[in-house]
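In what follows, a single structure is set out as structure tokens and then discussed.
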2 protein chains.
Amino acid sequence: MSLKKNAVIGQSGGPTSAINATLAGVIEGCMDITSIDAVYGMKNGVEGFLREDFIDLKEIFSDKSNFEKLSLTPAAALGSCRLKIKEEAQFEKIFEVIEKHNIGYFFYIGVNDSMDAVAKLEKYRAEKKADVDVKFIGVPKTIDNDLCVTDHTPGFGSAAKYIACTVAEVARDCAVYTQKAVTIIEIMGRDAGWLTASAALAKELTGMGADLIYLPEVPFDSEEFIKDVNNKLSDAKKPYVIVAVSEGIKNKDGEYAAKAAMSGAVDTFGHAYLSGTGKYLENLVREKIGCKCRSIELNLMQRCSAHIASKTDIDESITIGRAAAKAAAEGKSGRMMAFLRDENSPEYKISITDVDISKAANLVKSIPADFISKDGKNVNEKCLNYMKPLIKGECAVKYKDGLPLFFSF
Amino acid sequence: MSLKKNAVIGQSGGPTSAINATLAGVIEGCMDITSIDAVYGMKNGVEGFLREDFIDLKEIFSDKSNFEKLSLTPAAALGSCRLKIKEEAQFEKIFEVIEKHNIGYFFYIGVNDSMDAVAKLEKYRAEKKADVDVKFIGVPKTIDNDLCVTDHTPGFGSAAKYIACTVAEVARDCAVYTQKAVTIIEIMGRDAGWLTASAALAKELTGMGADLIYLPEVPFDSEEFIKDVNNKLSDAKKPYVIVAVSEGIKNKDGEYAAKAAMSGAVDTFGHAYLSGTGKYLENLVREKIGCKCRSIELNLMQRCSAHIASKTDIDESITIGRAAAKAAAEGKSGRMMAFLRDENSPEYKISITDVDISKAANLVKSIPADFISKDGKNVNEKCLNYMKPLIKGECAVKYKDGLPLFFSF
């Protein structure tokens, strides 16, 4: 009887441009470890695991060129899920499948609920299945960068690069006319302003970008907002104003700004007039200032524009995946992989560590106060210096007939 | 006294990712022609021309590396305007400036109103200023591709490439979950559906993309729309449906679909609830089907995402600019430059011609009926074959610190 065990990998939660790079790293790492036999992918995270819906990855990735293609494909190639594991029967079923398929290594790429699931599986094993030899390892991913125990999250750099590039391009588009105009760019991140902060990189690095940045970390005041915009509009040499705003800005009472402004108006279907934050600010500018105003929502593009992924992010996402395989092979379990920043300047250097996964989940890392400018309407040099290395480098995306070559199972 | 004359170049109308490539082409072309002395750029189109706000371009572009940088910078680098020339005094002033600055060549890059302006200037010269030796040449640009006298317009290929790439990426993002969901992507083009049609390239070339495409050329019926979506949702193997829709879809009475659905509801400011077309369809799906639904507006990004410009488009935009300079030097005036497609397959080949500019302006080229699928909810192979060559090739965008290097005056 072989002493070898099999590995299984899943992806969960919202997609990013780098989640498949981490998948590629874990697969590569597992294929290099002699104590690992088969490497399975679970379809749609634990949903697929529960119904034993596995893909044999070793066969697919015997063609090494698939690693590169997978790494530059946006969104979870194995599929994702939002299932929370909480019932005893689910835990029992998972351990039944683990034993049935001789799983010795269980990797889960996700954030919050996903890391929470891994923590719970480890706890269940320790308490009730001590005889089952299986290692549980979590690998973080989120564009939001709001995880406490890591310097930054895989996926953030690529989203930040897309946002910074788009803000730089939109600023050039807005700059062509001589008439006063306000452009509001709504960016994801309901609780933490990291993605919105990345809009600041456009002006810092290309000379044109967001003039005002509103973060969820700073209470929003609509009267002050109008004053800020009017102030910027008064510059006779620059008639356009670009505002970057987090979808999650809240007033001083902690209420979402856009929600607080709702009137109870309904559309033809009787739906409440649920404007987004950008639309709300657009209406505010139209009403209070009366100049030309447009709002733009960066929407799903900020998490799936892999064609402009950050090479730093993609490379690190692969590396953290490989490190996860290594950690499991070393006998670690109940751990989440994390980045440490060893050096920022002149050379950016990171190392990879692992932390107790039960302490990793569900704590939001906001932008610290000393990263925010004194007036609260921008980020400062410290924040820019933190973000700059993360968007560096361009990936060698392969194109066919004008569009990127994507991988799919 | 020198027989040499000066050239002046302006940009007008909405920005594109390729309008600066054409500017670069005209400048290069003018610099190569010995009968041209100074080459001026007018700031903000005729607005700047009227106040003699000129930039000396020869000096700036003595550094040849600026051509490449300019060609890959989105939006009109010289600034744009929407001024219509109609009053006698404006024409008189323009000819006064022409004579004062010894302008012999007047180039205008734009569409519709801009080409109309060039046509009027030529007419005015012929009728009232026959003694003034000045050539007026128009060069088209528009992402909309809705100009009759040219095979396609400079700027369309890059916008189409951005749209196709984004639809392909968004499709992968939507495909990760197992729950039924509809994603609606709203695309520019109020009168012609070319940009919306380019969404079809995603599925054609990458295997995943828009499942339904609604063009302004086909009357929109909301009940049929719900039937179409329900039909696509019934595929058990593919729970997500992607809809690409033109902002300009109209019902059988010619009324904008979104407008027809307005209820008179107002927001807190008393504004009518002006939802966009995507938002309108999103609400319709929520109401009539009840599944998860999201709408995405590609907004300004579709006209300014130069980082993913089509190399074919950028190269052609430079070439048509150079051809404009040559045509003027040959003594042509009152002409608009245009593309002819000499061959499509196996090799795509174009040539450049010039047409009577008075016949070029203000006629919309819609998608012909034989480019649209029989059910009216997609485009067919003929349309795909027309579009495919236009998005081909990637530009060698130069990056610094993670963001593209842009040119500015």
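By order in the structure tokens, chains are A, B, ...; within a chain, residues start at 1; ligands start at 1, following the order shown.
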
Original post:
Where in stretch 172-328 of chain B does DSSP assign alpha helix (DSSP H), given as number ranges by chain?
Top reply: B: 172-174, 194-197, 200-206, 222-233, 257-260, 277-288, 301-304, 311-328

Original post:
Using only C-alpha atoms, which residues sit within 10 Å of A:Ser295 once same-chain residues fewer than 2 positions away are excluded, as a PyMOL selection string?
Top reply: (chain A and resi 182-186+242-244+276-283+293+297-298) or (chain B and resi 299-300)

Restricted to N, CA and C atoms, what would the selected residues look like written as a CSV table (one decimal), in the first residue's frame?
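Output below, filename again22.csv:
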```
chain,number,residue,atom,x,y,z
A,182,VAL,N,-17.6,67.6,-13.8
A,182,VAL,CA,-17.2,66.7,-12.7
A,182,VAL,C,-17.4,65.3,-13.1
A,183,THR,N,-16.4,64.5,-12.9
A,183,THR,CA,-16.6,63.0,-13.2
A,183,THR,C,-16.4,62.3,-11.9
A,184,ILE,N,-17.3,61.4,-11.6
A,184,ILE,CA,-17.3,60.7,-10.3
A,184,ILE,C,-17.0,59.2,-10.6
A,185,ILE,N,-16.0,58.6,-10.0
A,185,ILE,CA,-15.7,57.2,-10.3
A,185,ILE,C,-15.9,56.4,-9.1
A,186,GLU,N,-16.9,55.5,-9.1
A,186,GLU,CA,-17.3,54.7,-8.0
A,186,GLU,C,-16.5,53.4,-8.0
A,242,ILE,N,-12.0,65.3,-11.1
A,242,ILE,CA,-12.2,63.9,-11.0
A,242,ILE,C,-12.4,63.5,-9.5
A,243,VAL,N,-13.4,62.8,-9.2
A,243,VAL,CA,-13.7,62.4,-7.8
A,243,VAL,C,-13.6,60.8,-7.8
A,244,ALA,N,-12.8,60.3,-6.9
A,244,ALA,CA,-12.9,58.8,-6.7
A,244,ALA,C,-13.6,58.6,-5.4
A,276,GLY,N,-26.7,54.1,-6.8
A,276,GLY,CA,-25.4,53.8,-6.2
A,276,GLY,C,-24.8,55.0,-5.7
A,277,THR,N,-23.7,54.9,-5.0
A,277,THR,CA,-23.0,56.0,-4.4
A,277,THR,C,-22.6,57.0,-5.5
A,278,GLY,N,-22.0,56.6,-6.6
A,278,GLY,CA,-21.6,57.5,-7.6
A,278,GLY,C,-22.8,58.2,-8.2
A,279,LYS,N,-23.9,57.5,-8.5
A,279,LYS,CA,-25.1,58.2,-9.0
A,279,LYS,C,-25.6,59.2,-8.0
A,280,TYR,N,-25.5,58.9,-6.8
A,280,TYR,CA,-26.0,59.8,-5.7
A,280,TYR,C,-25.2,61.1,-5.8
A,281,LEU,N,-23.8,61.0,-5.8
A,281,LEU,CA,-23.0,62.2,-5.9
A,281,LEU,C,-23.2,62.9,-7.2
A,282,GLU,N,-23.4,62.2,-8.3
A,282,GLU,CA,-23.7,62.9,-9.5
A,282,GLU,C,-25.0,63.8,-9.4
A,283,ASN,N,-26.0,63.2,-8.8
A,283,ASN,CA,-27.2,64.0,-8.7
A,283,ASN,C,-27.0,65.2,-7.7
A,293,CYS,N,-22.0,66.7,-15.2
A,293,CYS,CA,-21.5,65.7,-14.3
A,293,CYS,C,-21.8,64.3,-14.8
A,297,GLU,N,-19.1,53.6,-12.8
A,297,GLU,CA,-19.0,52.6,-11.9
A,297,GLU,C,-18.0,51.6,-12.5
A,298,LEU,N,-16.9,51.3,-11.8
A,298,LEU,CA,-15.9,50.4,-12.4
A,298,LEU,C,-16.3,49.0,-12.3
B,299,ASN,N,-19.4,52.8,-20.2
B,299,ASN,CA,-19.1,54.2,-20.0
B,299,ASN,C,-17.9,54.7,-20.8
B,300,LEU,N,-17.2,55.7,-20.2
B,300,LEU,CA,-16.0,56.3,-20.9
B,300,LEU,C,-14.9,55.3,-21.2
```

Subject >> Non-local contacts of A:Ile36 (7 Å; only C-alpha atoms; under 4 positions in same chain excluded) as a ChimeraX atom specification >> reply: /A:4-7,30

Original post:
So which residues of stretch 136-347 of chain B fall under strand (DSSP E) by DSSP, listed as a PyMOL selection string?
Top reply: chain B and resi 136-140+181-187+212-214+240-246+292-297+335-343

For stretch 389-393 of chain B, work out the shell of residues within 8 Å, counting only C-alpha atoms and skipping chain neighbours fewer than 4 positions away, then give it as a PDB file with C-alpha atoms, in the first residue's frame.
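File written: part_5.pdb
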```
ATOM      1  CA  ASP A 401      -6.834  37.104 -33.102  1.00  0.00           C
ATOM      2  CA  GLY A 402      -6.840  40.216 -30.922  1.00  0.00           C
ATOM      3  CA  LEU A 403      -8.133  38.793 -27.637  1.00  0.00           C
TER       4      LEU A 403
ATOM      5  CA  PHE B 156     -13.625  51.877 -33.760  1.00  0.00           C
ATOM      6  CA  GLY B 157     -11.177  48.966 -33.719  1.00  0.00           C
ATOM      7  CA  SER B 158      -9.721  49.932 -30.346  1.00  0.00           C
ATOM      8  CA  ALA B 160     -14.317  47.148 -30.210  1.00  0.00           C
ATOM      9  CA  LYS B 161     -11.228  45.386 -28.858  1.00  0.00           C
ATOM     10  CA  SER B 310      -5.950  47.581 -31.424  1.00  0.00           C
ATOM     11  CA  LYS B 311      -2.625  47.717 -33.253  1.00  0.00           C
ATOM     12  CA  THR B 312      -4.498  47.569 -36.551  1.00  0.00           C
ATOM     13  CA  ASP B 313      -6.540  50.609 -35.511  1.00  0.00           C
ATOM     14  CA  ASN B 344     -10.783  40.775 -46.215  1.00  0.00           C
ATOM     15  CA  TYR B 348      -7.001  41.897 -44.728  1.00  0.00           C
ATOM     16  CA  ASN B 385     -15.835  38.675 -40.493  1.00  0.00           C
TER      17      ASN B 385
END
```

Subject >> Selection: 10 Å around A:Val39, only C-alpha atoms, excl. self and same-chain fewer than 3 positions, as a count of residues only >> reply: 20

Subject >> Residues within 6 Å of B:Lys377, only C-alpha atoms, excluding chain neighbours under 2 positions, as a PyMOL selection string >> reply: chain B and resi 212-214+375

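Of the listed residues B:Tyr162, B:Tyr256, B:Phe371, B:Tyr240, the one whose atoms come nearest to chain A is B:Tyr162, with distances taken using only C-alpha atoms.
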
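All residues of protein, DNA or RNA that reach within 9 Å of A:Cys81, judged by only C-alpha atoms and not counting those fewer than 2 positions away in the chain, are A:Gln11, A:Ser12, A:Gly13, A:Gly14, A:Asn44, A:Gly45, A:Val46, A:Glu47, A:Gly48, A:Gly79, A:Leu83, A:Lys84, B:Val176, B:Tyr177, B:Thr178.
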
Atoms kept (N, CA and C atoms) for selection, written as a compact mmCIF listing (two decimals), in the first residue's frame:
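Final output, saved to part31.txt:
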```txt
# COMPACT_ATOMS: atom_id res chain seq x y z
N GLN A 11 -11.52 26.73 -4.90
CA GLN A 11 -11.58 28.20 -4.93
C GLN A 11 -12.95 28.63 -4.46
N SER A 12 -13.01 29.77 -3.77
CA SER A 12 -14.28 30.18 -3.19
C SER A 12 -14.37 31.71 -3.10
N GLY A 13 -15.57 32.21 -2.97
CA GLY A 13 -15.77 33.66 -2.83
C GLY A 13 -15.70 34.39 -4.16
N GLY A 14 -15.64 35.71 -4.11
CA GLY A 14 -15.64 36.54 -5.33
C GLY A 14 -14.38 36.37 -6.15
N ASN A 44 -16.50 24.26 -8.01
CA ASN A 44 -17.31 25.13 -7.16
C ASN A 44 -17.09 24.92 -5.67
N GLY A 45 -15.82 24.90 -5.28
CA GLY A 45 -15.46 24.86 -3.86
C GLY A 45 -16.07 23.69 -3.11
N VAL A 46 -16.42 23.91 -1.86
CA VAL A 46 -16.95 22.81 -1.05
C VAL A 46 -18.26 22.24 -1.59
N GLU A 47 -18.99 23.04 -2.37
CA GLU A 47 -20.20 22.52 -3.02
C GLU A 47 -19.85 21.28 -3.85
N GLY A 48 -18.81 21.41 -4.65
CA GLY A 48 -18.36 20.29 -5.49
C GLY A 48 -17.71 19.20 -4.66
N GLY A 79 -14.44 27.28 -10.67
CA GLY A 79 -15.75 27.68 -10.17
C GLY A 79 -15.66 28.02 -8.70
N LEU A 83 -21.18 28.78 -0.24
CA LEU A 83 -21.73 27.89 0.79
C LEU A 83 -20.97 28.01 2.10
N LYS A 84 -21.70 28.20 3.18
CA LYS A 84 -21.07 28.19 4.51
C LYS A 84 -21.22 26.79 5.11
N VAL B 176 -18.51 31.72 -12.59
CA VAL B 176 -17.96 30.96 -11.46
C VAL B 176 -19.02 30.38 -10.52
N TYR B 177 -20.22 30.97 -10.53
CA TYR B 177 -21.23 30.49 -9.58
C TYR B 177 -22.21 29.52 -10.23
N THR B 178 -22.90 28.76 -9.40
CA THR B 178 -23.86 27.79 -9.91
C THR B 178 -25.29 28.34 -9.89
```

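When only C-alpha atoms are used to compute distances to A:His101, the closest of the residues A:Ala210, A:Tyr40, A:Asp356, A:Met188 turns out to be A:Tyr40.
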
Original post:
For chain B, which residue out of A:Ser114, A:Thr206, A:Ser198, A:Thr34 is the nearest one, using only C-alpha atoms?
Top reply: A:Thr206

Original post:
Quick one: distance from atom CA of B:Pro74 to atom CA of A:Lys292 in Å, one decimal?
Top reply: 21.0 Å

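If only C-alpha atoms are the atoms counted, then among A:Arg172, A:Lys203, A:Lys238, A:Lys180 the closest residue to chain B is A:Arg172.
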
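Of the listed residues A:Ile94, A:Ile318, A:Ala199, A:Val218, the one whose atoms come nearest to A:Val132 is A:Ile94, with distances taken using only C-alpha atoms.
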
Original post:
With distances taken over only C-alpha atoms, which of B:Asp173, B:Asp354, B:Glu52, B:Asp116 is nearest to A:Ala77?
Top reply: B:Asp173

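Here atom CA of A:Ala130 stands at a distance of 18.3 Å from atom CA of A:Ile357.
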